[in-house]
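Everything on this sheet refers to the single structure shown next.
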Amino acid sequence: MPIESFLFDTLEGRPVEGFTLSAGGLEATVIAHGARLVRMTVPGRDGTSADVVLGFDRVADYLASDAYFGATCGRYGNRIGGAAFWLDGVRHELAVNEPPNQLHGGPEGFDRRIWDATAEEAENAVIFTLVSPDGDQGYPGTLTATTRYQLSDDGVLDIRMTATTDRPTIVNLVHHSYWNLGGHATGDLRDHRLTVQGGFTTPVGAALIPTGEVRPVDGTPFDLRGGIGLDDALEAVGGLGFDHNWCLEGPAGELRPVAVLEHPASGRRMELATDQPGLQVYTGGYLSEQVVGKGGQRYRRFAGLALESQRFPGSPNIGHFPSARLDPGETYLHRMQLRFRAG
């Protein structure tokens, strides 16, 4: 089917383009604000389709929220402790938005920008492009970033993020959709099942900044390798649930399967493959019923699950973590594939 283009909204008089991709019984809607996925319609076992991502109906609501629904986060997704890092002997002070740290690229991160958009009809894909100038949010170098969404007939949403720079910098682009395979308006995730192929995590301190330790998951609530019902997992971990980075098995730089989210009641299943070394699992513990989403739906705690493949949080300041450095002449590549099944 052809790509449907439309006007999603406007922001300060500028149009925010939207695009709907259709293939294999699925539909994915993406918009230029934040290079963002705003709707993903997936059939269940009985053929009934549901929109399985959380989101809003207006750009103003995305701007008013700190949930990053569906966005491409950058220049550095996740947290950098102290909102500063050293590169080639120079200390770079970053814009602070989670004092004293920076989260997801700062108060004016990539999630808040209108990206340029190009539809690729032959590939059933949309490419968003953003140029981030030298010094943007404190980062060195002019960075040209892209996010490409492609939907295929075999039930795969392929997301590819790239970046190039004109001087040494750091980059960690992160896709931040919240998934609820029962449907975005069906409550919480306790009736889901999650598997993550990661034998270690990177523990964090009180401000959710990694300590630098790499800790095995054996015998802990963080061992998700055999799969676990989220009702049991949330009870075991307590409090606000998961907001932690798993060190993924298999070679970074190669696309490999790393996680599975299942909703037994509907039969919907989402399989995640990525080429990144880490995966942030966030169970939406900070969501509140004060958040009114699409169609007036109130998103309570644990209403959706973010699976953010990534470099490790805090990597620029922790030497033994995978490097986030990008030099001129290199191309940063981050690929994730989401395969949907019903059975």
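All residue names refer to the structure tokens as shown: chains lettered A, B, ... in order, residues numbered from 1 in each chain, ligands numbered from 1 in order.
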
So which residues touch Gly106 (chain A) within 12 Å, counting only C-alpha atoms, skipping near sequence neighbours fewer than 5 positions away, as a ChimeraX atom specification?
/A:66,68,73-80,83-84,93-101,111-112,136-139

Sort by chain and increasing residue number a table of all residues of region 311-336 of chain A within 9 Å of region 155-175 of chain A, each with its closest pair of atoms and their distance in Å to one decimal, counting only C-alpha atoms, and write it as a tab-separated table.
```
residue	atom	partner	partner_atom	distance
A:Arg311	CA	A:Asn172	CA	6.2
A:Phe312	CA	A:Asn172	CA	8.9
A:Pro316	CA	A:Ile170	CA	7.5
A:Ser323	CA	A:Ile170	CA	8.5
A:Ala324	CA	A:Ile170	CA	5.2
A:Arg325	CA	A:Ile170	CA	4.4
A:Leu326	CA	A:Thr169	CA	5.4
A:Asp327	CA	A:Pro168	CA	4.4
A:Pro328	CA	A:Asp166	CA	5.0
A:Gly329	CA	A:Thr164	CA	7.4
A:Glu330	CA	A:Thr164	CA	6.5
A:Thr331	CA	A:Thr164	CA	5.2
A:Tyr332	CA	A:Ala163	CA	4.9
A:Leu333	CA	A:Thr162	CA	4.6
A:His334	CA	A:Met161	CA	5.0
A:Arg335	CA	A:Arg160	CA	4.5
A:Met336	CA	A:Ile159	CA	5.3
```

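Of all the residues in region 197-238 of chain A, the ones DSSP labels as strand (DSSP E or B) from the backbone are Gly198, Gly199, Phe200, Thr201, Val204, Pro210, Arg215, Pro216, Ile228 and Gly229 of chain A.
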
Near region 222-228 of chain A, counting only C-alpha atoms, which residues have an atom at most 10 Å away, once you skip same-chain residues fewer than 4 positions from it, shown as number ranges by chain?
A: 192-201, 216-218, 232-234, 236-237, 242, 244, 246, 258-262

One number please: CA of Glu17 (chain A) to CA of Val42 (chain A), in Å, one decimal.
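These atoms are spaced 22.5 Å apart.
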
Nearest residue to Asp61 (chain A) from the set A:Val281, A:Ile31, A:Val292, A:Ala303 (distances using only C-alpha atoms)
A:Val292

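Every residue of region 38-126 of chain A with a DSSP assignment of helix (DSSP H, G or I), taken from the backbone, is listed as Val59, Ala60, Asp61, Tyr62, Leu63, Ala64, Gly81, Gly82, Ala83, Phe110, Asp111, Arg112, Glu121, Ala122 and Glu123 of chain A.
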
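Across A:Glu235, A:Tyr282, A:Asp275, A:Arg269, the tightest approach to Pro251 (chain A) is made by A:Asp275 when counting only C-alpha atoms.
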
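Considering only C-alpha atoms, the residue among A:Leu151, A:Ala50, A:Ala273, A:Leu287 positioned nearest to Leu240 (chain A) is A:Leu287.
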
Considering only C-alpha atoms, return as a list in words whatever protein or nucleic-acid residues lie within 10 Å of Asn317 (chain A), sequence-local ones (same chain, fewer than 2 positions apart) excluded.
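Counting only C-alpha atoms, the residues come to Ile80, Gly81, Gly82, Ala84, Phe85, Trp86, Leu87, Pro210, Gly212, Pro313, Gly314, Ser315, Gly319, His320, Phe321 and Ser323 of chain A.
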
Between CA of Gly304 (chain A) and CA of Val52 (chain A), what is the distance in Å, rounded to a tenth?
8.9 Å

Please indicate the distance in Å from CA of Gly24 (chain A) to CA of Leu189 (chain A), rounded to one decimal place.
25.6 Å

Closest of A:Gly253, A:Gly343, A:Pro277, A:Gly229 to Thr202 (chain A) - atom-to-atom distances counting only C-alpha atoms:
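Under the stated criterion, the closest residue is A:Pro277.
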
What's the 12 Å shell around Gly296 (chain A), counting only C-alpha atoms, without same-chain residues fewer than 6 positions away, as a ChimeraX atom specification?
/A:54-58,61,184-185,289-290
